[in-house]
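S.K.: Below you will find the structure I want to go over with you.
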Amino acid sequence: MSVFTRSQRLGPAALLMAASVFLSRFMGLIRDKVISYYFGAGVETDLYNASFAIPDLIHSLLAGGYFSITLIPLLTQFFKEDEEKGWAFFSATLWWISLAALAFASLAWIFAPALGALIVPGLSDPLVIDRLTVFLKIALPAQVCILSGSCFNAVLMLRRQFALPALTPLVYNGCTITGGIICVHFFPERGMEGFSWGVFAGAVLGFLVLPALAVRAGGLRFKAVLFHPGLKPFLLLAFPLMLGQSIVMLDEQMARVFGSFGQEGSISYLSYSRRIMMVPVGVVTQSIGVAAYPFLASLAASGDISGFNRTVNRVMLASLAVIIPLSFWMMSAAGPTIRLIFQQGMFSAENTESMSVILVIMLWSAPLWNIQQTLGRGFYARRNTLTPVLAGTVSTLLAIPLYWFLSVRYGVLGVAVSGVSGMALYTFLMLRRWNSHFGGEAVLGLGKRLALLLGLSLPCALLSRFSSDFTDALLPSVPLLAAFLSLCVSFAVFSLSFSILCRLTAPFLWKETLDSLRKMVKKKA
């Protein structure tokens with residue numbers, strides 16, 4: 001386990017997490033490719049995707065999405081004071097989060113049929129609800145393993161040992177794909193249940209067993225401790241996240257719920273499009289943010305506010321310089337992207353056309369994810385979990401009527417527009433609260449950088465789209481080859497035109513971005 005217990009600096013850690021997220025997203029697309037090939041976009045795929053709504057909600061209610069964020073600062077404090085105190089606090093947290101996860105999952109298991117009806121209000125057929133209940137009962141136990149394993153991953157990130165956290169999603173996706181393929185070939189009458197069983201196996205192995213072994217290899221002192229003075233500040237940090245479910249945590253759940261009012265396959269279209277949209281968010285924003293967070297927490301704890309603000313600003317501007325052009329290119333190549341990934345087997349050309357528009361809409365939210373996640377980690381590093389939750393709760397409450405109105409009136413397109421609108425409102429509120437709490441040093445130059453990148457990216461995206469359509473038209477009889485060549489040509493056209501425009505109008509942009517990335521790579525742990 002030595003490779004998994006080796007510490008990394010900020011730069012290598014960010015690169016490692018970026019590679020992990022990229023490979024994980026790529027494997028996720030392979031998983032979706034396998035699913036769409038065998039099952040297309042219909043009721044079975046809608047129910048499979050909808051079955052994760054309740055497990056994901058449990059994850060959110062227990063602050064699972066931000067578990068390491070709330071736990072790492074306290075672990076850092078206790079381990080600095082005394083190693084025994086650190087392990088005692090870790091043990092108490094592990095006990096309580098595991099018991100809470102088990103309790104929630106057990107209740108959801110008992111009331112699975114009723115919860116299934118709530119997940120898809122647009123689908124009322126009892127047979128459909130029964131099928132959804134099957135998927136739901138398989139998915140629920142996996143959440144217990146994921147939440148318990150988050151404690152071990154928090155210790156690994158505290159130690160700046162990112163190798164195992166980087167491997168976790170790869171194991172998870174690998175098990176999901178393997179389970180699905182085995183079921184399709186050996187138990188075809190079970191439909192998509194094999195993918196659900198694969199999710200369970202991936203949660204046990206990737207999220208729980210491997211991280212626990214890595215922590216043990218680096219030194220683990222587990223104690224039978226149920227009460228610890230650190231639990232109170234932990235709950236004070238985590239409780240707002242548990243209580244206030246923001247648009248970030250509920251975005252995918254609302255797409256599943258309100259997508260049920262659309263035509264058959266709507267939930268699948270939204271799920272597939274969201275996962276493609278999250279590729280640039282994951283590779284650029286989440287990987288840098290996960291790697292930077294322990295360093296931000298350390299800067300905040302030491303009182304180096306100036307260094308803290310510079311790091312937040314550097315991470316935000318550098319990642320925006322990558323994610324905005326990447327998102328615009330993906331908009332211009334939405335059709336070929338979906339055709340290459342999905343259009344085979346049961347997934348038709350009509351499915352591709354329907355999904356392309358949804359993907360273009362959803363990609364507008366990728367830069368917004370970048371801003372709010374960077375600011376969110378800044379708030380959490382300074383032990384302020386209440387402000388992001390209040391902003392997220394307000395934006396969620398305002399977004400729900402919009403989801404309802406637009407989904408009923410415009411179907412799946414209305415759901416996609418509602419998601420982008422909710423994220424825009426949340427980002428705006430986060431920026432306002434940051435400025436009022438901490439001043440503008442960390443977001444200095446953000447507005448100008450956004451305007452510049454949008455102005456550079458839009459004309460390049462139009463040229464890229466024209467080149468993509470032209471390439472497509474040359475090979476109408478071989479759609480997959482045409483899609484691949486269209487992606488290559490459109491990327492080359494976008495990259496070349498963007499580079500020329502940058503050189504002519506903003507030659508400082510690449511220099512500043514590369515300098516920022518270079519500083520992060522060289523930054524000492």
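Every chain in the structure tokens takes a letter, A first, then B, and so on in the order presented; its residues are numbered from 1, and the ligands are numbered from 1 following the presented order.
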Please report as a Markdown table every residue of range 343-449 of chain A lying within 12 Å of range 30-46 of chain A, along with the nearest atom pair and their distance in Å (one decimal), using only C-alpha atoms.

M.R.:
| residue | atom | partner | partner_atom | distance |
| --- | --- | --- | --- | --- |
| A:Gln343 | CA | A:Tyr37 | CA | 7.6 |
| A:Gln344 | CA | A:Tyr37 | CA | 5.5 |
| A:Gly345 | CA | A:Tyr37 | CA | 4.5 |
| A:Met346 | CA | A:Gly40 | CA | 4.3 |
| A:Phe347 | CA | A:Gly40 | CA | 4.3 |
| A:Ser348 | CA | A:Gly40 | CA | 7.6 |
| A:Ala349 | CA | A:Gly40 | CA | 11.0 |
| A:Glu350 | CA | A:Ala41 | CA | 10.7 |
| A:Asn351 | CA | A:Ala41 | CA | 7.4 |
| A:Thr352 | CA | A:Ala41 | CA | 10.1 |
| A:Ser354 | CA | A:Ala41 | CA | 10.8 |
| A:Met355 | CA | A:Ala41 | CA | 10.1 |

S.K.: Based on DSSP run over this structure's backbone, return all residues of range 139-217 of chain A in alpha helix (DSSP H), as a PyMOL selection string.

M.R.: chain A and resi 139-158+163-186+193-202+210-217

S.K.: Quick one: residues within 12 Å of Phe328 in chain A, only C-alpha atoms, excluding same-chain residues fewer than 4 positions away - as an MDAnalysis selection string?

M.R.: chainID A and resid 277 280 321:324 332:334 359:367 453:465 490:491 494:495 498

S.K.: With only C-alpha atoms as the atoms that count, which of A:Ser407, A:Asn153, A:Gly335, A:Tyr272 lies nearest to Leu213 in chain A?

M.R.: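 Of A:Ser407, A:Asn153, A:Gly335, A:Tyr272, the one nearest Leu213 in chain A, counting only C-alpha atoms, is A:Asn153.
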
S.K.: What does the structure give for the distance between CA of Ser51 in chain A and CA of Leu136 in chain A, in Å to one decimal?

M.R.: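 Pair CA of Ser51 in chain A / CA of Leu136 in chain A returns 4.8 Å.
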
S.K.: Kindly indicate which residue among A:Tyr172, A:Phe187, A:Phe379, A:Phe135 lies nearest to Leu237 in chain A, using only C-alpha atoms for the distances.

M.R.: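 Between A:Tyr172, A:Phe187, A:Phe379, A:Phe135, the residue approaching Leu237 in chain A most closely is A:Phe379.
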
S.K.: Rank A:Ala292, A:Cys145, A:Ala217, A:Met254 by their smallest atom-to-atom distance to Leu118 in chain A, using only C-alpha atoms, and report the top residue only.

M.R.: A:Met254

S.K.: So, with only C-alpha atoms as the atoms that count, which of A:Ala203, A:Leu368, A:Leu429, A:Leu61 lies closest to Thr168 in chain A?

M.R.: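 Ranking A:Ala203, A:Leu368, A:Leu429, A:Leu61 by distance to Thr168 in chain A, first place goes to A:Ala203.
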
S.K.: If you count only C-alpha atoms, which residues fall within 12 Å of Thr427 in chain A, apart from same-chain ones fewer than 6 positions away, as a PyMOL selection string?

M.R.: chain A and resi 246-248+365-376+388+391-392+394-396+420-421+433-434

S.K.: Produce a file of the selected residues containing C-alpha atoms, as a compact mmCIF listing (two decimals), in the first residue's frame.

M.R.:
# COMPACT_ATOMS: atom_id res chain seq x y z
CA SER A 246 -28.91 23.74 -1.90
CA ILE A 247 -29.41 23.83 -5.64
CA VAL A 248 -25.99 22.16 -5.98
CA SER A 365 -23.99 26.18 -16.14
CA ALA A 366 -20.42 24.73 -16.22
CA PRO A 367 -18.66 28.09 -15.52
CA LEU A 368 -21.21 28.78 -12.78
CA TRP A 369 -20.29 25.49 -11.11
CA ASN A 370 -16.66 26.58 -11.25
CA ILE A 371 -17.29 29.86 -9.43
CA GLN A 372 -19.63 28.55 -6.74
CA GLN A 373 -17.51 25.50 -5.93
CA THR A 374 -14.36 27.58 -5.57
CA LEU A 375 -16.13 30.09 -3.31
CA GLY A 376 -17.84 27.27 -1.41
CA PRO A 388 -23.33 28.87 1.46
CA ALA A 391 -27.62 31.15 -0.26
CA GLY A 392 -28.29 27.67 -1.62
CA VAL A 394 -32.89 30.60 -0.98
CA SER A 395 -31.97 29.79 -4.57
CA THR A 396 -33.51 26.31 -4.26
CA VAL A 420 -29.18 26.63 -15.31
CA SER A 421 -31.31 29.45 -13.87
CA ARG A 433 -22.20 37.05 0.41
CA TRP A 434 -18.47 36.58 -0.15

S.K.: Let me make sure I understand: among A:Thr385, A:Ser302, A:Ser436, A:Gln263, which one has the smallest atom-to-atom distance to Leu71 in chain A if we use only C-alpha atoms?

M.R.: A:Thr385

S.K.: Can you list, as a list in words, every protein, DNA or RNA residue that comes within 8 Å of Gly419 in chain A when you count only C-alpha atoms, leaving out same-chain residues fewer than 3 positions away?

M.R.: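 The contact residues come out as Asp251, Ala255, Met362, Ala399, Tyr403, Val415, Ala416, Gly422 and Met423 of chain A.
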
S.K.: What's around Tyr410 in chain A at 12 Å? Count only C-alpha atoms, leave out sequence neighbours fewer than 6 positions away in its own chain, and write the answer as a list in words.

M.R.: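 Neighbouring residues, sequence-local ones excluded: Phe258, Gly259, Phe261, Gly262, Gln263, Ser266, Leu402, Tyr403, Trp404, Ala416, Val417 and Ser418 of chain A.
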
S.K.: Could you save the residues just selected, with C-alpha atoms, as a PDB file, in the first residue's frame?

M.R.:
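And here's selection_6.pdb as it stands now:
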ATOM      1  CA  PHE A 258     -39.585  17.011 -12.772  1.00  0.00           C
ATOM      2  CA  GLY A 259     -38.201  15.071 -15.722  1.00  0.00           C
ATOM      3  CA  PHE A 261     -43.448  14.964 -16.457  1.00  0.00           C
ATOM      4  CA  GLY A 262     -41.748  14.845 -19.867  1.00  0.00           C
ATOM      5  CA  GLN A 263     -41.873  12.237 -22.580  1.00  0.00           C
ATOM      6  CA  SER A 266     -36.614  12.505 -20.413  1.00  0.00           C
ATOM      7  CA  LEU A 402     -39.666  27.583 -11.872  1.00  0.00           C
ATOM      8  CA  TYR A 403     -38.981  23.851 -12.275  1.00  0.00           C
ATOM      9  CA  TRP A 404     -42.669  23.079 -11.828  1.00  0.00           C
ATOM     10  CA  ALA A 416     -32.788  22.025 -18.305  1.00  0.00           C
ATOM     11  CA  VAL A 417     -33.423  25.792 -18.374  1.00  0.00           C
ATOM     12  CA  SER A 418     -34.589  25.714 -14.742  1.00  0.00           C
TER      13      SER A 418
END

S.K.: Would you compute the distance between CA of Pro229 in chain A and CA of Gly303 in chain A? Give it in Å to one decimal.

M.R.: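 Atom-to-atom, CA of Pro229 in chain A to CA of Gly303 in chain A, that is 23.6 Å.
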
S.K.: To one decimal in Å, tell me the separation between CA of Val478 in chain A and CA of Leu23 in chain A.

M.R.: 27.7 Å

S.K.: Name the closest residue to Ala201 in chain A among the candidates A:Gly180, A:Met330, A:Gly411, A:Phe162; distances are taken between atoms, counting only C-alpha atoms.

M.R.: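 Counting only C-alpha atoms, the residue closest to Ala201 in chain A is A:Gly180.
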